[in-house]
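Engineer: Below is one structure. I have some questions about it.
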Amino acid sequence: MKKLIQKWIIRLTATFVLMAVLLVVIVLNPALTYASKTRHNNFTIFHNQPLDPALILHLRQATQWVSNSEYYDPHWNIDICLNDGSRYPSFVEKTGGPAFGRGFYNKVVLMGAADYKGNSVMLNGYRWNLQQLLAHEMIHCFQLHQRGVWKSKPLASIPDWKWEGYAEWVSRRTVDQADLRQNTERLLQAEKTAHDGWIQFSDGTGSPVLYYKYRLLVQYCMEIRKMKYDEVLDSEAPQEVVWEQLMNWFDKQ
Ligand SMILES: [Zn+2]
């Protein structure tokens, strides 16, 4: 009986390892699960349906924002994986749950429903600006590319406000989202209301309130304190202390 149990444990473990390896192989090779791929500058776009030309314009705008980051590398090629019929986004979802999109290694994966003409991605009734989402996920690729896997999330212990806040700060550069004083006012206003965890912008898209706060913290460090991103990452100051500093700055405006 004991031998039989051991045999089954070995079989189940082997099956689990094999499936995990298969999942990794599929996720690292989108060509296996897409019908078509199209090259554009440093991008390889994987898709099943004919490409909407508006996507190229969105990629151009996202690249412009990302190119202002100290982590940007114009020679790093990025795969853009669309959610248009391939099972690839659902495989990616299995590795980390549902999301508007995900950026890892050199892959930007759209997982919500994209509206290319309307410049948005929808998930659970909420809309994220598509250009800003592309830039956000591209920054995660550059974070890993520049810092290496051991000094990047999830392996490195980096607070979310520094990791996600930077991707948000780089990607949210439209006129109505650029000014730190106005942004802080918007957050404080939203926190007074029943906001269901979501902040809405004038274009009908929005951001999770938590990510919005992360972005303000990074914006304060980079624009007011004039820190480099590596200095923000190396800083020992906890989130609450930086928030207090930001509030002191805001009160003087
Ligand atoms: Zn992110």
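Residue numbers start at 1 in each chain; chains themselves are named A, B, ... in the order of the structure tokens; ligands are numbered from 1 in the order shown.
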Any residue with an atom at most 9 Å from ligand 1 counts, using only C-alpha atoms and all ligand atoms. Which are they? Put them as a list in words.

Structural biologist: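 I would give the residues around ligand 1 as Gly101, Arg102, Gly103, Leu133, His136, Glu137, Ile139, His140, Asp160, Trp163, Glu164, Gly165, Tyr166, Ala167, Glu168 and Tyr211 of chain A.
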
Engineer: Any idea what's packed within 8 Å of stretch 111-118 of chain A, counting only C-alpha atoms, ignoring anything in its chain fewer than 4 positions away? Could you give it as a ChimeraX atom specification?

Structural biologist: /A:52,54-55,82-83,89-90,93,98-102,122-123,130

Engineer: Which of stretch 32-197 of chain A counts as alpha helix (DSSP H) under DSSP, as number ranges by chain please?

Structural biologist: A: 54-66, 88-96, 130-147, 160-171, 175-178, 180-191

Engineer: Using only C-alpha atoms, which protein or nucleic acid residues come within 10 Å of stretch 182-185 of chain A? Drop anything in the same chain fewer than 2 positions from it, and give the result as an mmCIF file with C-alpha atoms, in the first residue's frame.

Structural biologist:
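Contents of the output file around_0.cif:
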data_model
loop_
_atom_site.group_PDB
_atom_site.id
_atom_site.type_symbol
_atom_site.label_atom_id
_atom_site.label_comp_id
_atom_site.auth_asym_id
_atom_site.auth_seq_id
_atom_site.Cartn_x
_atom_site.Cartn_y
_atom_site.Cartn_z
ATOM 1 C CA ASP A 176 -4.769 66.120 -17.669
ATOM 2 C CA GLN A 177 -2.595 63.590 -15.803
ATOM 3 C CA ALA A 178 0.791 65.339 -15.833
ATOM 4 C CA ASP A 179 0.644 67.877 -12.999
ATOM 5 C CA LEU A 180 1.486 66.514 -9.522
ATOM 6 C CA LEU A 187 -6.682 61.531 -5.400
ATOM 7 C CA LEU A 188 -7.682 63.363 -2.196
ATOM 8 C CA GLN A 189 -11.040 64.191 -3.772
ATOM 9 C CA ALA A 190 -11.599 60.567 -4.837
ATOM 10 C CA GLU A 191 -10.682 59.290 -1.374
ATOM 11 C CA TYR A 212 -2.686 56.142 -8.737
ATOM 12 C CA LYS A 213 -1.256 56.701 -5.259
ATOM 13 C CA ARG A 215 2.331 56.849 -9.217
ATOM 14 C CA LEU A 216 2.056 60.080 -7.166
ATOM 15 C CA LEU A 217 4.726 58.827 -4.752
ATOM 16 C CA GLN A 219 6.214 61.357 -9.367
ATOM 17 C CA LEU A 246 4.400 64.616 -0.441
ATOM 18 C CA MET A 247 1.551 65.922 1.730
ATOM 19 C CA PHE A 250 1.255 69.746 -1.317
#

Engineer: Quick one: residues within 10 Å of A:Asp230, only C-alpha atoms, excluding same-chain residues fewer than 4 positions away - as a PyMOL selection string?

Structural biologist: chain A and resi 70-71+147+234-235

Engineer: Go through A:Leu22, A:Leu210, A:Tyr72, A:Asn29 and flag the residue nearest A:Trp161, using only C-alpha atoms for the distances.

Structural biologist: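 Among A:Leu22, A:Leu210, A:Tyr72, A:Asn29, it is A:Leu210 that comes nearest to A:Trp161.
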
Engineer: Measuring atom to atom with only C-alpha atoms, identify which of A:Leu155, A:Val108, A:Val218, A:Leu134 is nearest to A:Arg60.

Structural biologist: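 For A:Arg60, the nearest of the given residues is A:Leu134.
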
Engineer: Which of these residues is nearest to A:Phe43, using only C-alpha atoms: A:Lys7, A:Arg87, A:His145, A:Lys107?

Structural biologist: A:Lys107

Engineer: So what do you get for atom CA of A:His40 versus atom CA of A:Arg173, distance-wise?

Structural biologist: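 Calculated distance between atom CA of A:His40 and atom CA of A:Arg173 is 23.5 Å.
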
Engineer: Any chance you could list, as a count of residues only, the residues in stretch 17-253 of chain A that come up strand (DSSP E or B) when DSSP is run on the backbone?

Structural biologist: 39

Engineer: My list of candidates is A:Gly85, A:Pro30, A:Pro154, A:Pro74. Which is closest to A:Pro50 when distances are computed with only C-alpha atoms?

Structural biologist: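 The shortest atom-to-atom distance to A:Pro50 comes from A:Gly85.
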
Engineer: Would you mind reading off the distance between atom CA of A:Tyr105 and atom CA of A:Val242, one decimal, in Å?

Structural biologist: 29.6 Å

Engineer: May I ask for the distance between atom CA of A:Val24 and atom CA of A:Ser171, given in Å to one decimal place?

Structural biologist: 28.1 Å

Engineer: From the options A:Met138, A:Ile45, A:Ile80, A:Leu57, which residue's atoms come nearest to A:Leu110, counting only C-alpha atoms?

Structural biologist: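 Answer, going by the shortest atom-to-atom distance: A:Ile80.
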
Engineer: Would you mind listing what lies within 8 Å of A:Asp84 as a PyMOL selection string, with only C-alpha atoms counted and same-chain residues fewer than 4 positions away left out?

Structural biologist: chain A and resi 47-49
